[in-house]
$ cat upload_1.csv   # CSV, C-alpha atoms
chain,number,residue,atom,x,y,z
N,235,MET,CA,34.5,9.4,-24.5
N,236,GLN,CA,31.2,9.7,-26.3
N,237,HIS,CA,28.9,12.3,-24.7
N,238,VAL,CA,25.2,11.6,-24.9
N,239,TYR,CA,22.6,14.2,-23.9
N,240,VAL,CA,19.2,12.7,-23.2
N,241,ILE,CA,16.1,15.0,-23.0
N,242,GLY,CA,12.4,14.4,-22.9
N,243,SER,CA,12.0,12.2,-19.8
N,244,LYS,CA,10.9,13.6,-16.4
N,245,GLY,CA,14.3,12.7,-15.1
N,246,LEU,CA,16.1,10.5,-12.6
N,247,PRO,CA,15.6,9.1,-10.0
N,248,GLY,CA,12.3,7.8,-8.8
N,249,SER,CA,9.7,8.1,-11.6
N,250,TYR,CA,8.5,4.9,-13.2
N,251,GLY,CA,7.1,6.1,-16.4
N,252,GLY,CA,8.4,4.5,-19.6
N,253,TYR,CA,11.2,6.8,-20.5
N,254,GLU,CA,12.2,7.1,-16.8
N,255,THR,CA,12.4,3.4,-16.4
N,256,PHE,CA,14.5,3.1,-19.6
N,257,LEU,CA,16.9,5.8,-18.5
N,258,ASP,CA,17.3,4.4,-15.0
N,259,LYS,CA,18.3,1.0,-16.4
N,260,LEU,CA,20.4,2.3,-19.3
N,261,THR,CA,22.5,4.5,-16.9
N,262,GLU,CA,22.6,1.6,-14.4
N,263,TYR,CA,24.0,-0.8,-16.9
N,264,HIS,CA,26.4,1.8,-18.3
N,265,GLN,CA,27.5,3.4,-15.0
N,266,ASN,CA,31.0,1.9,-15.3
N,267,ASN,CA,31.2,2.2,-19.0
N,268,ARG,CA,34.2,4.4,-19.8
N,269,ASN,CA,33.2,4.9,-23.4
N,270,ILE,CA,30.0,6.9,-22.7
N,271,GLN,CA,29.2,9.9,-20.5
N,272,TYR,CA,25.4,10.6,-20.1
N,273,HIS,CA,23.9,14.0,-19.5
N,274,VAL,CA,20.3,13.7,-18.5
N,275,ALA,CA,17.7,16.5,-18.4
N,276,CYS,CA,15.5,16.4,-15.3
N,277,LYS,CA,12.2,18.2,-14.8
N,278,ALA,CA,12.5,20.3,-11.6
N,279,ASN,CA,8.8,21.1,-11.2
N,280,GLY,CA,5.3,20.3,-12.5
N,281,ASP,CA,3.5,17.0,-12.9
N,282,GLY,CA,5.2,13.7,-12.8
N,283,VAL,CA,8.3,14.7,-10.8
N,284,SER,CA,9.1,12.1,-8.2
N,285,PRO,CA,9.7,13.1,-4.5
N,286,GLU,CA,13.3,11.8,-4.8
N,287,LEU,CA,14.0,14.1,-7.8
N,288,ARG,CA,12.4,17.1,-6.1
N,289,SER,CA,14.9,16.7,-3.2
N,290,MET,CA,17.9,16.7,-5.5
N,291,PRO,CA,20.1,19.8,-6.2
N,292,ASP,CA,20.1,21.4,-9.6
N,293,ARG,CA,23.1,19.4,-10.7
N,294,PHE,CA,23.9,15.9,-9.4
N,295,LYS,CA,25.2,12.5,-10.3
N,296,TYR,CA,23.1,9.4,-10.7
N,297,HIS,CA,24.6,6.1,-11.9
N,298,ASN,CA,27.5,8.3,-13.0
N,299,ALA,CA,25.2,10.3,-15.3
N,300,ASP,CA,25.5,14.1,-15.1
N,301,CYS,CA,21.9,15.1,-14.3
N,302,PHE,CA,20.7,18.7,-14.6
N,303,LYS,CA,17.4,20.1,-13.5
N,304,ILE,CA,15.3,22.4,-15.7
N,305,HIS,CA,12.9,24.8,-14.0
N,306,VAL,CA,10.0,25.1,-16.3
N,307,PRO,CA,7.4,27.9,-16.4
N,308,GLU,CA,3.9,26.8,-15.2
N,309,VAL,CA,2.2,27.2,-18.6
N,310,GLY,CA,-0.3,24.3,-18.5
N,311,ALA,CA,-0.3,21.8,-21.4
N,312,ALA,CA,2.6,23.6,-23.1
N,313,GLN,CA,5.0,22.9,-20.2
N,314,ALA,CA,6.3,19.8,-21.9
N,315,ILE,CA,7.2,21.8,-25.0
N,316,TYR,CA,8.9,24.5,-22.9
N,317,TYR,CA,10.8,21.8,-21.0
N,318,ASP,CA,12.3,20.1,-24.1
N,319,CYS,CA,13.3,23.5,-25.7
N,320,MET,CA,14.9,24.7,-22.4
N,321,ALA,CA,16.7,21.4,-22.1
N,322,LEU,CA,18.0,21.7,-25.7
N,323,ASP,CA,19.2,25.2,-25.0
N,324,TYR,CA,21.1,23.9,-22.1
N,325,CYS,CA,22.7,21.1,-24.2
N,326,VAL,CA,23.8,23.5,-27.0
N,327,LYS,CA,25.4,25.8,-24.4
N,328,HIS,CA,27.1,22.9,-22.6
N,329,ILE,CA,28.5,21.4,-25.8
N,330,ARG,CA,29.8,24.7,-27.0
N,331,ARG,CA,31.3,25.7,-23.6
N,332,HIS,CA,33.1,22.5,-23.1
N,333,GLU,CA,34.0,22.0,-26.8
N,334,ILE,CA,32.6,18.5,-26.9
N,335,LYS,CA,33.1,16.7,-30.2
N,336,ASN,CA,30.7,14.3,-31.8
N,337,ALA,CA,28.1,14.9,-29.2
N,338,ILE,CA,24.8,13.0,-29.5
N,339,VAL,CA,21.6,14.6,-28.4
N,340,TYR,CA,18.9,12.0,-27.9
N,341,VAL,CA,15.4,13.4,-27.8
N,342,LEU,CA,12.6,11.3,-26.3
N,343,ALA,CA,9.2,11.9,-27.9
N,344,CYS,CA,8.1,14.2,-30.7
N,345,ARG,CA,6.9,17.3,-28.9
N,346,ILE,CA,8.9,20.1,-30.4
N,347,GLY,CA,8.6,19.7,-34.2
N,348,PRO,CA,8.1,23.3,-35.1
N,349,PHE,CA,11.3,24.3,-33.3
N,350,PHE,CA,13.3,21.2,-34.0
N,351,ALA,CA,15.1,22.2,-37.2
N,352,HIS,CA,16.7,25.2,-35.4
N,353,TYR,CA,18.2,23.0,-32.7
N,354,VAL,CA,19.3,20.4,-35.2
N,355,SER,CA,21.1,23.1,-37.1
N,356,GLU,CA,22.8,24.5,-34.0
N,357,ILE,CA,24.0,21.0,-32.9
N,358,HIS,CA,25.2,20.2,-36.4
N,359,LYS,CA,27.3,23.4,-36.4
N,360,LEU,CA,29.0,22.1,-33.2
N,361,GLY,CA,29.7,18.7,-34.9
N,362,GLY,CA,27.0,16.8,-33.1
N,363,LYS,CA,24.1,14.6,-34.2
N,364,VAL,CA,20.4,14.5,-33.0
N,365,PHE,CA,18.6,11.2,-32.5
N,366,VAL,CA,14.9,10.8,-31.8
N,367,ASN,CA,12.8,8.2,-30.1
N,368,PRO,CA,9.3,8.7,-31.3
N,369,ASP,CA,7.6,6.7,-28.6
N,370,GLY,CA,4.1,5.8,-29.8
N,371,HIS,CA,1.4,7.7,-31.5
N,372,GLU,CA,1.1,10.8,-29.3
N,373,TRP,CA,-1.4,12.3,-31.7
N,374,MET,CA,-3.8,9.4,-31.1
N,375,ARG,CA,-4.0,9.8,-27.3
N,376,ALA,CA,-7.6,10.4,-26.2
N,377,LYS,CA,-6.6,12.9,-23.5
N,378,TRP,CA,-5.7,15.6,-26.2
N,379,SER,CA,-8.3,17.8,-27.9
N,380,LYS,CA,-8.4,17.7,-31.7
N,381,PRO,CA,-6.2,20.8,-32.2
N,382,VAL,CA,-3.6,19.4,-29.9
N,383,ARG,CA,-3.7,16.1,-31.7
N,384,GLU,CA,-3.1,17.9,-35.0
N,385,TYR,CA,-0.1,19.7,-33.4
N,386,TRP,CA,1.4,16.4,-32.3
N,387,LYS,CA,1.0,14.9,-35.8
N,388,ILE,CA,2.7,17.9,-37.4
N,389,SER,CA,5.4,17.8,-34.7
N,390,GLU,CA,6.1,14.1,-35.3
N,391,LYS,CA,6.4,14.7,-39.0
N,392,LEU,CA,8.9,17.6,-38.6
N,393,MET,CA,11.1,15.7,-36.1
N,394,ILE,CA,11.2,12.6,-38.3
N,395,LYS,CA,12.2,14.8,-41.2
N,396,HIS,CA,15.1,16.5,-39.5
N,397,ALA,CA,16.5,13.8,-37.2
N,398,ASP,CA,19.8,12.1,-38.0
N,399,LEU,CA,18.5,8.7,-36.7
N,400,ILE,CA,15.2,7.5,-35.4
N,401,ILE,CA,15.4,4.8,-32.7
N,402,CYS,CA,12.1,2.9,-32.5
N,403,ASP,CA,11.3,0.8,-29.5
N,404,SER,CA,8.8,-1.3,-31.5
N,405,ILE,CA,9.0,-3.1,-34.8
N,406,ASN,CA,5.5,-1.9,-35.5
N,407,ILE,CA,6.5,1.7,-34.8
N,408,GLU,CA,9.5,1.4,-37.1
N,409,LYS,CA,7.3,0.1,-39.9
N,410,TYR,CA,4.8,3.0,-39.3
N,411,ILE,CA,7.7,5.6,-39.5
N,412,GLN,CA,9.1,4.1,-42.7
N,413,GLU,CA,5.7,3.9,-44.4
N,414,THR,CA,4.2,7.2,-43.3
N,415,TYR,CA,7.4,9.3,-43.8
N,416,LYS,CA,8.8,7.5,-46.8
N,417,LYS,CA,9.4,10.7,-48.7
N,418,TYR,CA,11.9,11.8,-46.1
N,419,ASN,CA,13.9,8.5,-46.3
N,420,PRO,CA,14.3,8.4,-42.5
N,421,LEU,CA,17.2,6.4,-41.1
N,422,THR,CA,15.7,4.1,-38.5
N,423,THR,CA,16.7,1.3,-36.2
N,424,TYR,CA,14.8,-0.8,-33.7
N,425,ILE,CA,15.9,-1.1,-30.1
N,426,ALA,CA,13.3,-2.1,-27.6
N,427,TYR,CA,12.9,-1.3,-23.9
N,428,GLY,CA,14.2,-3.9,-21.5
N,429,ALA,CA,13.1,-5.8,-18.5
N,430,GLU,CA,14.4,-8.3,-15.9
N,431,THR,CA,13.3,-11.7,-14.8
N,432,LYS,CA,15.2,-11.8,-11.5
N,433,SER,CA,13.0,-11.9,-8.4
N,434,SER,CA,12.4,-9.0,-6.0
N,435,SER,CA,14.9,-8.8,-3.1
N,436,LEU,CA,11.8,-8.7,-0.8
N,437,SER,CA,10.4,-12.0,0.6
N,438,ASP,CA,6.7,-12.6,1.4
N,439,GLU,CA,7.6,-12.0,5.1
N,440,SER,CA,9.2,-8.6,4.4
N,441,GLN,CA,7.6,-5.8,6.4
N,442,GLU,CA,7.3,-3.6,3.3
N,443,ILE,CA,5.0,-6.0,1.5
N,444,ILE,CA,3.1,-7.0,4.6
N,445,ASN,CA,2.4,-3.3,5.5
N,446,TRP,CA,1.3,-2.6,1.9
N,447,TYR,CA,-1.1,-5.5,1.8
N,448,ASP,CA,-2.6,-4.5,5.2
N,449,GLU,CA,-3.0,-0.9,4.1
N,450,HIS,CA,-5.0,-1.8,1.0
N,451,ASP,CA,-6.7,-5.0,2.3
N,452,LEU,CA,-5.0,-7.2,-0.3
N,453,ARG,CA,-3.6,-10.7,-0.2
N,454,LYS,CA,-1.1,-12.6,-2.2
N,455,LYS,CA,-2.5,-14.2,-5.4
N,456,GLU,CA,-5.9,-12.8,-4.6
N,457,TYR,CA,-5.8,-9.7,-6.9
N,458,TYR,CA,-5.4,-8.7,-10.5
N,459,LEU,CA,-3.0,-5.8,-11.0
N,460,ILE,CA,-2.8,-2.7,-13.3
N,461,VAL,CA,0.3,-0.5,-13.3
N,462,GLY,CA,0.2,2.6,-15.6
N,463,ARG,CA,-0.7,6.2,-16.1
N,464,PHE,CA,-4.4,7.0,-15.4
N,465,VAL,CA,-5.3,8.2,-19.0
N,466,PRO,CA,-8.1,7.1,-21.3
N,467,GLU,CA,-5.9,5.4,-23.9
N,468,ASN,CA,-4.8,2.8,-21.3
N,469,ASN,CA,-8.4,1.5,-21.4
N,470,PHE,CA,-9.1,1.8,-17.7
N,471,GLU,CA,-12.8,2.3,-18.4
N,472,THR,CA,-13.1,-1.0,-20.3
N,473,ILE,CA,-11.0,-2.9,-17.8
N,474,ILE,CA,-13.0,-1.7,-14.8
N,475,ARG,CA,-16.4,-2.1,-16.5
N,476,GLU,CA,-15.6,-5.6,-17.6
N,477,PHE,CA,-14.2,-6.6,-14.2
N,478,MET,CA,-17.4,-5.3,-12.6
N,479,MET,CA,-19.3,-7.5,-15.0
N,480,SER,CA,-17.2,-10.6,-14.2
N,481,ASP,CA,-17.9,-13.2,-11.5
N,482,SER,CA,-14.3,-12.9,-10.1
N,483,LYS,CA,-14.0,-13.0,-6.3
N,484,LYS,CA,-10.5,-11.5,-6.5
N,485,ASP,CA,-9.7,-7.8,-6.2
N,486,LEU,CA,-8.5,-5.4,-8.9
N,487,ALA,CA,-5.6,-3.3,-7.6
N,488,ILE,CA,-4.7,-0.2,-9.6
N,489,ILE,CA,-1.3,1.4,-9.2
N,490,THR,CA,-1.5,4.7,-11.0
N,491,THR,CA,-0.9,8.4,-11.0
N,492,GLN,CA,-3.5,10.7,-9.5
N,493,ASN,CA,-6.0,12.2,-11.9
N,494,ASP,CA,-9.1,13.2,-9.9
N,495,SER,CA,-11.0,14.7,-12.8
N,496,PHE,CA,-10.7,11.5,-14.9
N,497,LEU,CA,-11.4,9.4,-11.8
N,498,ASN,CA,-14.6,11.3,-11.0
N,499,GLU,CA,-15.7,11.3,-14.6
N,500,LEU,CA,-15.2,7.5,-14.7
N,501,ASP,CA,-17.1,6.9,-11.5
N,502,GLU,CA,-20.1,8.9,-12.9
N,503,ARG,CA,-20.3,6.4,-15.7
N,504,LEU,CA,-19.4,3.2,-14.0
N,505,HIS,CA,-20.1,3.7,-10.3
N,506,PHE,CA,-17.0,1.6,-9.5
N,507,ARG,CA,-16.7,3.0,-6.0
N,508,GLN,CA,-19.7,0.8,-5.1
N,509,ASP,CA,-17.7,-2.3,-6.0
N,510,PRO,CA,-15.4,-3.2,-3.0
N,511,ARG,CA,-13.2,-5.3,-5.3
N,512,ILE,CA,-11.9,-2.3,-7.1
N,513,LYS,CA,-9.0,-0.6,-5.3
N,514,PHE,CA,-7.0,2.5,-6.4
N,515,VAL,CA,-3.9,2.1,-4.3
N,516,GLY,CA,-1.9,5.2,-5.4
N,517,THR,CA,1.7,5.1,-6.6
N,518,VAL,CA,4.6,2.8,-5.6
N,519,TYR,CA,8.1,4.3,-6.1
N,520,ASN,CA,10.0,1.5,-4.3
N,521,GLN,CA,11.0,-0.6,-7.2
N,522,GLU,CA,11.6,-3.8,-5.2
N,523,LEU,CA,8.2,-3.5,-3.6
N,524,LEU,CA,6.6,-2.9,-6.9
N,525,LYS,CA,8.3,-6.0,-8.3
N,526,LYS,CA,7.1,-8.0,-5.3
N,527,ILE,CA,3.5,-6.7,-5.9
N,528,ARG,CA,3.8,-7.9,-9.5
N,529,GLU,CA,5.1,-11.3,-8.5
N,530,ASN,CA,2.4,-11.9,-6.0
N,531,ALA,CA,-0.5,-10.8,-8.3
N,532,TYR,CA,-2.8,-13.5,-9.6
N,533,GLY,CA,-2.7,-11.7,-12.9
N,534,TYR,CA,-1.6,-8.5,-14.6
N,535,ILE,CA,-3.9,-6.6,-16.9
N,536,HIS,CA,-2.4,-4.4,-19.6
N,537,GLY,CA,-4.7,-2.0,-21.5
N,538,HIS,CA,-2.3,0.3,-23.3
N,539,SER,CA,-3.5,1.0,-26.8
N,540,VAL,CA,-1.1,3.7,-28.0
N,541,GLY,CA,2.6,3.5,-28.0
N,542,GLY,CA,5.4,1.0,-28.7
N,543,THR,CA,7.1,-1.4,-26.4
N,544,ASN,CA,5.7,-0.6,-23.0
N,545,PRO,CA,8.0,-1.0,-20.0
N,546,SER,CA,5.2,-1.8,-17.6
N,547,LEU,CA,4.2,-4.7,-19.9
N,548,LEU,CA,7.8,-6.0,-20.1
N,549,GLU,CA,8.2,-5.8,-16.3
N,550,ALA,CA,4.9,-7.8,-15.9
N,551,LEU,CA,6.1,-10.4,-18.4
N,552,GLY,CA,9.3,-10.8,-16.3
N,553,SER,CA,7.5,-10.9,-13.0
N,554,THR,CA,3.9,-12.1,-13.3
N,555,ASP,CA,2.9,-15.5,-14.6
N,556,LEU,CA,-0.6,-14.7,-15.9
N,557,ASN,CA,-0.9,-11.6,-18.2
N,558,LEU,CA,-4.1,-10.4,-19.8
N,559,LEU,CA,-3.2,-8.0,-22.7
N,560,PHE,CA,-5.2,-5.7,-24.9
N,561,ASP,CA,-5.0,-7.2,-28.4
N,562,VAL,CA,-2.9,-4.8,-30.5
N,563,GLY,CA,0.2,-5.4,-32.6
N,564,PHE,CA,2.8,-4.1,-30.3
N,565,ASN,CA,1.5,-6.0,-27.3
N,566,ARG,CA,1.5,-9.2,-29.3
N,567,GLU,CA,4.9,-8.4,-30.6
N,568,CYS,CA,6.2,-8.3,-27.0
N,569,ALA,CA,4.5,-11.2,-25.4
N,570,GLU,CA,3.7,-13.5,-28.3
N,571,ASN,CA,2.3,-16.8,-26.9
N,572,GLY,CA,3.2,-15.9,-23.3
N,573,ALA,CA,0.0,-14.1,-22.5
N,574,LEU,CA,-3.8,-14.1,-23.1
N,575,TYR,CA,-5.5,-11.4,-25.1
N,576,TRP,CA,-8.7,-9.4,-24.9
N,577,THR,CA,-10.6,-6.9,-27.1
N,578,LYS,CA,-12.9,-4.0,-26.3
N,579,GLU,CA,-15.9,-6.0,-27.5
N,580,GLU,CA,-18.5,-6.0,-24.7
N,581,GLY,CA,-18.2,-9.1,-22.6
N,582,ASN,CA,-14.9,-10.2,-24.0
N,583,LEU,CA,-12.7,-9.3,-21.1
N,584,SER,CA,-15.3,-10.2,-18.4
N,585,MET,CA,-15.4,-13.7,-19.9
N,586,LEU,CA,-11.6,-13.8,-19.9
N,587,PHE,CA,-11.6,-12.9,-16.2
N,588,ASN,CA,-14.0,-15.7,-15.5
N,589,GLU,CA,-11.9,-18.2,-17.5
N,590,ALA,CA,-8.6,-17.0,-16.0
N,591,ASP,CA,-10.0,-17.6,-12.5
N,592,LYS,CA,-10.4,-21.2,-13.4
N,593,LEU,CA,-6.9,-21.8,-14.8
N,594,THR,CA,-4.9,-24.5,-13.0
N,595,GLN,CA,-1.6,-23.7,-11.4
N,596,GLU,CA,0.2,-25.7,-14.1
N,597,GLU,CA,-1.5,-23.7,-16.9
N,598,ILE,CA,-0.6,-20.4,-15.3
N,599,ALA,CA,3.0,-21.6,-14.6
N,600,LEU,CA,3.4,-22.5,-18.3
N,601,LEU,CA,2.3,-19.1,-19.4
N,602,GLY,CA,4.8,-17.6,-16.9
N,603,ARG,CA,7.7,-19.7,-18.3
N,604,LYS,CA,6.8,-18.6,-21.9
N,605,ALA,CA,6.7,-14.9,-20.8
N,606,LYS,CA,10.0,-15.0,-19.0
N,607,LYS,CA,11.7,-16.8,-21.9
N,608,ARG,CA,10.4,-14.0,-24.2
N,609,ILE,CA,12.1,-11.4,-21.9
N,610,LEU,CA,15.3,-13.4,-21.7
N,611,ASP,CA,15.4,-13.9,-25.5
N,612,ALA,CA,14.6,-10.4,-26.7
N,613,TYR,CA,14.3,-7.8,-23.9
N,614,SER,CA,17.0,-8.3,-21.2
N,615,TRP,CA,18.5,-4.9,-20.1
N,616,LYS,CA,22.0,-6.2,-20.8
N,617,PHE,CA,21.0,-6.9,-24.4
N,618,ILE,CA,19.3,-3.5,-24.8
N,619,SER,CA,22.1,-1.5,-23.2
N,620,ASP,CA,24.6,-3.3,-25.4
N,621,LYS,CA,22.6,-2.3,-28.5
N,622,TYR,CA,22.6,1.3,-27.3
N,623,GLU,CA,26.3,1.3,-26.8
N,624,GLU,CA,26.7,0.1,-30.4
N,625,VAL,CA,24.6,2.9,-31.7
N,626,PHE,CA,26.1,5.7,-29.6
N,627,THR,CA,29.8,4.7,-30.1
N,628,ALA,CA,29.3,4.1,-33.8
N,629,VAL,CA,28.9,7.8,-34.4
N,630,GLU,CA,32.7,8.4,-34.1
N,631,GLY,CA,33.2,6.4,-37.3
N,632,ALA,CA,32.5,2.7,-36.8
N,633,ILE,CA,29.9,1.2,-39.1
N,634,ALA,CA,26.8,-0.5,-37.7
N,635,THR,CA,24.1,-2.1,-39.9
N,636,TYR,CA,20.5,-1.3,-39.3
N,637,THR,CA,17.2,-2.9,-40.3
N,638,ASN,CA,16.3,0.0,-42.5
N,639,ASN,CA,17.6,-1.0,-46.0
N,640,GLU,CA,21.0,-2.2,-44.6
N,641,VAL,CA,21.9,1.5,-44.0
N,642,SER,CA,25.1,2.0,-42.1
N,643,LEU,CA,26.0,4.6,-39.5
N,644,SER,CA,28.6,6.1,-41.9
N,645,SER,CA,25.6,7.9,-43.5
N,646,ILE,CA,24.9,9.5,-40.1
N,647,LYS,CA,28.4,10.9,-39.9
N,648,SER,CA,28.1,12.5,-43.3
N,649,ALA,CA,24.5,13.7,-42.9
$ encode --input "upload_1.csv" --output "structure tokens"
Amino acid sequence: MQHVYVIGSKGLPGSYGGYETFLDKLTEYHQNNRNIQYHVACKANGDGVSPELRSMPDRFKYHNADCFKIHVPEVGAAQAIYYDCMALDYCVKHIRRHEIKNAIVYVLACRIGPFFAHYVSEIHKLGGKVFVNPDGHEWMRAKWSKPVREYWKISEKLMIKHADLIICDSINIEKYIQETYKKYNPLTTYIAYGAETKSSSLSDESQEIINWYDEHDLRKKEYYLIVGRFVPENNFETIIREFMMSDSKKDLAIITTQNDSFLNELDERLHFRQDPRIKFVGTVYNQELLKKIRENAYGYIHGHSVGGTNPSLLEALGSTDLNLLFDVGFNRECAENGALYWTKEEGNLSMLFNEADKLTQEEIALLGRKAKKRILDAYSWKFISDKYEEVFTAVEGAIATYTNNEVSLSSIKSA
């Protein structure tokens, strides 16, 4: 039995952030896998904790994963760092107490660089290994002040330096890691996030979708959709401004986390509350309902500019036929020719909205088939979960080849 400790997500179940979606699907597909036992850190309090998770006891099972809640001090922006460190403390104690051999601790995101070497040393003493998923470029996110961005950059460097393996969810991110931190000779591999192409279990006549449409005054195929965190680097300002400039008669439905300060700041600049087409509709934790909302959207708009392979994009490609994506490398890497692309140049996206409104059903259906084929070929959850099983079970001695200079996992074992 390979024990894998995963820290850095907000936890399971309920949240639909990137790491949370990934963990939910990974544990679902591996719930009957007798080769791997997952231990998942869950945030007990603070921002981003789903109502379902809040209702759980401090220790519980989810998809056969051993989930443990971490109660974090309310220390503002530093809470995420405290959370990861407290979760690592728990992992070290649990590995030592239960004398677990060859444990893997998989750290999601690069938040704890200055403290990372200490934990890696402790885990190595216990015979374990530490893997890191660097996510995207946290140090580039607009929501952080300059000193905080400098901290994230240093933190990323230190975690890449000391990790046994870097698992990148994007080919572009892997290239960045290899080029930027070449002097550390990091061992890397590429495993994307996944998605599904199967339809929602809800029909158009299901009461859940009817009630949701009535509540928000929306209709099937008469809205564009955004799903994502309400933060500047997801280009909400550009999307809303350009939509307001467009001639579209459709609505813009925005499913996002609450961020009143950013919302008010945005309205001061754009006055979007005066446009009845723009509708902030809160969060949707019901995954089948969310999938149905995606399927019934006229088009999905993706503005993420920082990060690797984004789960909300993959889910849209698997569910929505017409996808309008911000033109950056990792978005093109995912969708290829199964989407349309826009830039931040003034008028570019508004023109695309106008053109998208005039597409025929056949043109939209063709884009949808290309998008779904892309998911089936490279991003199915079965494919992704199998790749993770290869990586996690290889630590006990099997050799697995990686994209990075044909490096084998035998080098991890001797690290």
$ atom_distance --input "upload_1.csv" --atom1 "CA of Lys259 (chain N)" --atom2 "CA of His328 (chain N)"
24.4 Å
$ residues_around --input "upload_1.csv" --residues "region 578-592 of chain N" --least-positions-apart "2" --cutoff "6 Å" --atoms "only C-alpha atoms" --output "list in words"
Glu476, Phe477, Met479, Ser480 and Trp576 of chain N
$ closest_atom_pairs --input "upload_1.csv" --of "region 383-435 of chain N" --to "region 243-257 of chain N" --cutoff "10 Å" --atoms "all atoms listed in the file" --output "CSV"
residue,atom,partner,partner_atom,distance
N:Ala426,CA,N:Phe256,CA,9.6
N:Tyr427,CA,N:Phe256,CA,6.4
N:Gly428,CA,N:Phe256,CA,7.3
N:Ala429,CA,N:Phe256,CA,9.1
$ residues_around --input "upload_1.csv" --residues "Leu593 (chain N)" --least-positions-apart "4" --cutoff "12 Å" --atoms "all atoms listed in the file" --output "list in words"
Tyr532, Gly533, Asp555, Leu556, Leu574, Leu586, Phe587, Asn588, Glu589, Glu597, Ile598, Ala599, Leu600 and Leu601 of chain N
$ write_last_selection --input "upload_1.csv" --atoms "C-alpha atoms" --output "PDB file, keeping the file's coordinate frame"
ATOM      1  CA  TYR N 532      -2.800 -13.500  -9.600  1.00  0.00           C
ATOM      2  CA  GLY N 533      -2.700 -11.700 -12.900  1.00  0.00           C
ATOM      3  CA  ASP N 555       2.900 -15.500 -14.600  1.00  0.00           C
ATOM      4  CA  LEU N 556      -0.600 -14.700 -15.900  1.00  0.00           C
ATOM      5  CA  LEU N 574      -3.800 -14.100 -23.100  1.00  0.00           C
ATOM      6  CA  LEU N 586     -11.600 -13.800 -19.900  1.00  0.00           C
ATOM      7  CA  PHE N 587     -11.600 -12.900 -16.200  1.00  0.00           C
ATOM      8  CA  ASN N 588     -14.000 -15.700 -15.500  1.00  0.00           C
ATOM      9  CA  GLU N 589     -11.900 -18.200 -17.500  1.00  0.00           C
ATOM     10  CA  GLU N 597      -1.500 -23.700 -16.900  1.00  0.00           C
ATOM     11  CA  ILE N 598      -0.600 -20.400 -15.300  1.00  0.00           C
ATOM     12  CA  ALA N 599       3.000 -21.600 -14.600  1.00  0.00           C
ATOM     13  CA  LEU N 600       3.400 -22.500 -18.300  1.00  0.00           C
ATOM     14  CA  LEU N 601       2.300 -19.100 -19.400  1.00  0.00           C
TER      15      LEU N 601
END
$ atom_distance --input "upload_1.csv" --atom1 "CA of Cys325 (chain N)" --atom2 "CA of Tyr239 (chain N)"
6.9 Å
